[in-house]
Amino acid sequence: MAVVSVSGVADKSAGHRRGWLTFTALAGVLASVVVMAPSAWAEDVAEAELADDAEAVSTVIVTGSRKGTTEYHSLSPVSVVTASSLGKTGEVDLRTALSAVSPSYLASQASNGSSSSKPVRTAALRGLGGNHVLVLVNGRRRHNTSLLNNTGGSAGAPVDLGLIPTASVSRIEVLSDGASAQYGSDAIGGVINIILKKNPDGGTLSAQFGGYDDDSISKIGGIGDNAFTSTLTYHQGFGLGTQGGFLNLSGDYRRILSSNVVGAVGDPTINARKIYADPNDPRELTEDRYKQVTEVVPWGWAGNVGFNLELPVTAATHFYANGTYSESSLASTGTYRSENNPAHIIGIAPDGGYVPTLVTRQKDYQVSAGFAGGDLAGWVWDASLSYGRNRARMYVNGVNASLGFDAVYRDAIYVGELQASEALANLDLQRSVTTGLFAEPLDIAIGLEYRYNDFSEGMGEEYSYLNGGFIYPTDYISPILAGRPAGIGSPFMTGFTAEEVGEWDRDNYAAYADFSQSITSKLKVGLAARYEHYSDFGGQWSGKLSGRYELTDSFAIRAAVNNGFRAPSLAEQYTTKGNQGPFNNGGTIIQVNAYNSIRHDAPAAIALGAKPIDPEISLNYSLGFVARPLPNLDISLDVFQIEIEDRIGLTGQFNGTATNAAGLAVAKALRDAGIDPNVRVQYFTNIGDTLTRGLEFKVNYRSDFGHLGLVNWSLSTALNRQSVTRTTEAPTDLAAAGLKLLQDTAAVTLRHGTPKHISKVG
């Protein structure tokens, strides 16, 4: 893994310049606040360290309540996942480690068409997708990936937790309740707040190696082999000065070898399944048919490094910073291209065929820095700036067969790149005010946030998309290909063209207020409100009302109602990717452009009903109880309902080449718009309304065995059921042919794409 220095980002547009000018101006304002801050450094109760999992229930948490409370006393359901729990999973990847210990969280493998094994797993809370989870690191928003995944209703470009070193994590606070009013859009399903380690000394170094290789006679063609994986993790704390400063460094590296999980290429007696072009080639009967290799997970290497720093500046103020840098090169495989495949040319492509492999080379970094302290006219304050960027460049091996005998086989055809960045400026203020109305003071938190987002799709090299127009000769050695057109561009994934690429940006201003009040010794309520204004969607209010009432000293009920919203990401609105190739349409060979996703404002999408995407609107209800019948026993149960209006998702495929009524209607709509009907299209849109209901149940019991140690016993269960309550109508002519924007396959993925029942015992 090569670690490089972070360099500046070039100005590419007027919008980009406007965003950076605003960002720089706010940086100056925040810096002036630091200079004027008076002298009293507030105690950071949020960073209480855990000695063992058994202390998790008493850990001071800040997610859901900036004042600081415990899991048992929280107004909303918050789970604390400790570094010890993560370490016991044996996972280096934070995505899978968290999935192994938190029932509310699910890391599902992305599925995105021709780029289906890009190294991103979408996070799910309460059965929703990664778009509905807000990820924070030390309370600051984490940037999203540029890589779009196409998993139906859960499609999008989520935060990639795999880019944060697991060894850097002190604990993770999972708020499984809507929190848009408190933390901003994307928090419809909940919030994941990753708290980094801050130890002034000590460290860890670990290495792992594992895999599965069965050489028994029952194994055929390597089927069933799992990838061998080697990992290395590191963490070290350093004390800085005598006033409590520290620097923590962390890193991990993992290498994953490929696995084979599919069957043979096909029956050699069937022409379409033959490997060699000559149908009478005797090698067909003796050739190893297990040439196709499909990976369960991407294979290759990935490395992350991170730091967490804190330094006293004065008795009043401290400076903090944290960041990560990641590089990876991960590969996924496509369908075997035999000599009878239109992505093969005899004498140019490898003899017998080849497996196209899409390699995604990713670079990612985020740096956050700020000053914090108190008391600023009675307020505890925190002012920070953050910038993150994710860039993915894609390469595939193969032949652009449309160039015929002038083509060359290439090991790495550059397909193009995707890039997303996010800049943040935050100012947060907090204090307690004695009103005289109640015995306890009123806790107040207010704040401002500015956010700038940029997304771009970069063009591939000409060889990756060029159409040379080659037609296989009528006397070509392969009768299957003779007289038909060859495939266009790179196999597996066609390169991004000039018509598809571009750069888009937007900014967002937000203000929030969060109040918490103990009405009596038994009743506590919380009220939060937030206003956000997007440059492309206008303004939106969200709010949350929550409460907790202690019926006895060991039993309390809690409830919350909140509304939220989520604007479509730039990646959802503007990513275009797909492939081109010949298709046998009822005996006639035609060239088809198949888009796994296409911009909502592309002419083909508009002809098929695409409109500007509206933000999602949500309404969440939750009701539950917490109980402590024994000093070492905690029980909680929460039921919830989440209504999402104008849910954003990927449509099913509109196929203009199909010969049924639906296909004919699609073809007509495209022709009427002056577009070649030989197109298959999917695009993001507001697919309709959804309703998600479920419950979460947790039991924790702590045993003290004296000098033998402490043991934390746990049982957790999460249930959810998702349904579609309304679907968006397709244009009249398409609807008359039975087409819907949310087609049946996409609806099934939306309803059943995440498990309905997850239980964990530990």
# chains A, B, ... in the order shown; residues from 1 in each chain; ligands from 1
>>> residues_around(residues="Asp382 in chain A", least_positions_apart="3", cutoff="8 Å", atoms="only C-alpha atoms", output="list in words")
Gly370, Phe371, Ala372, Gly373, Asn426, Leu427, Asp428 and Leu429 of chain A
>>> residues_around(residues="range 277-283 of chain A", least_positions_apart="5", cutoff="6 Å", atoms="only C-alpha atoms", output="list in words")
Glu339, Asn340, Ile477 and Ser478 of chain A
>>> residues_around(residues="Pro165 in chain A", least_positions_apart="2", cutoff="6 Å", atoms="only C-alpha atoms", output="ChimeraX atom specification")
/A:167-168,251-252,304
>>> residues_around(residues="range 721-736 of chain A", least_positions_apart="3", cutoff="7 Å", atoms="only C-alpha atoms", output="PyMOL selection string")
chain A and resi 609+665-666+687-694+739-742+751+756
>>> select_by_dssp(residues="range 399-438 of chain A", states="strand (DSSP E)", output="PyMOL selection string")
chain A and resi 399+409-433
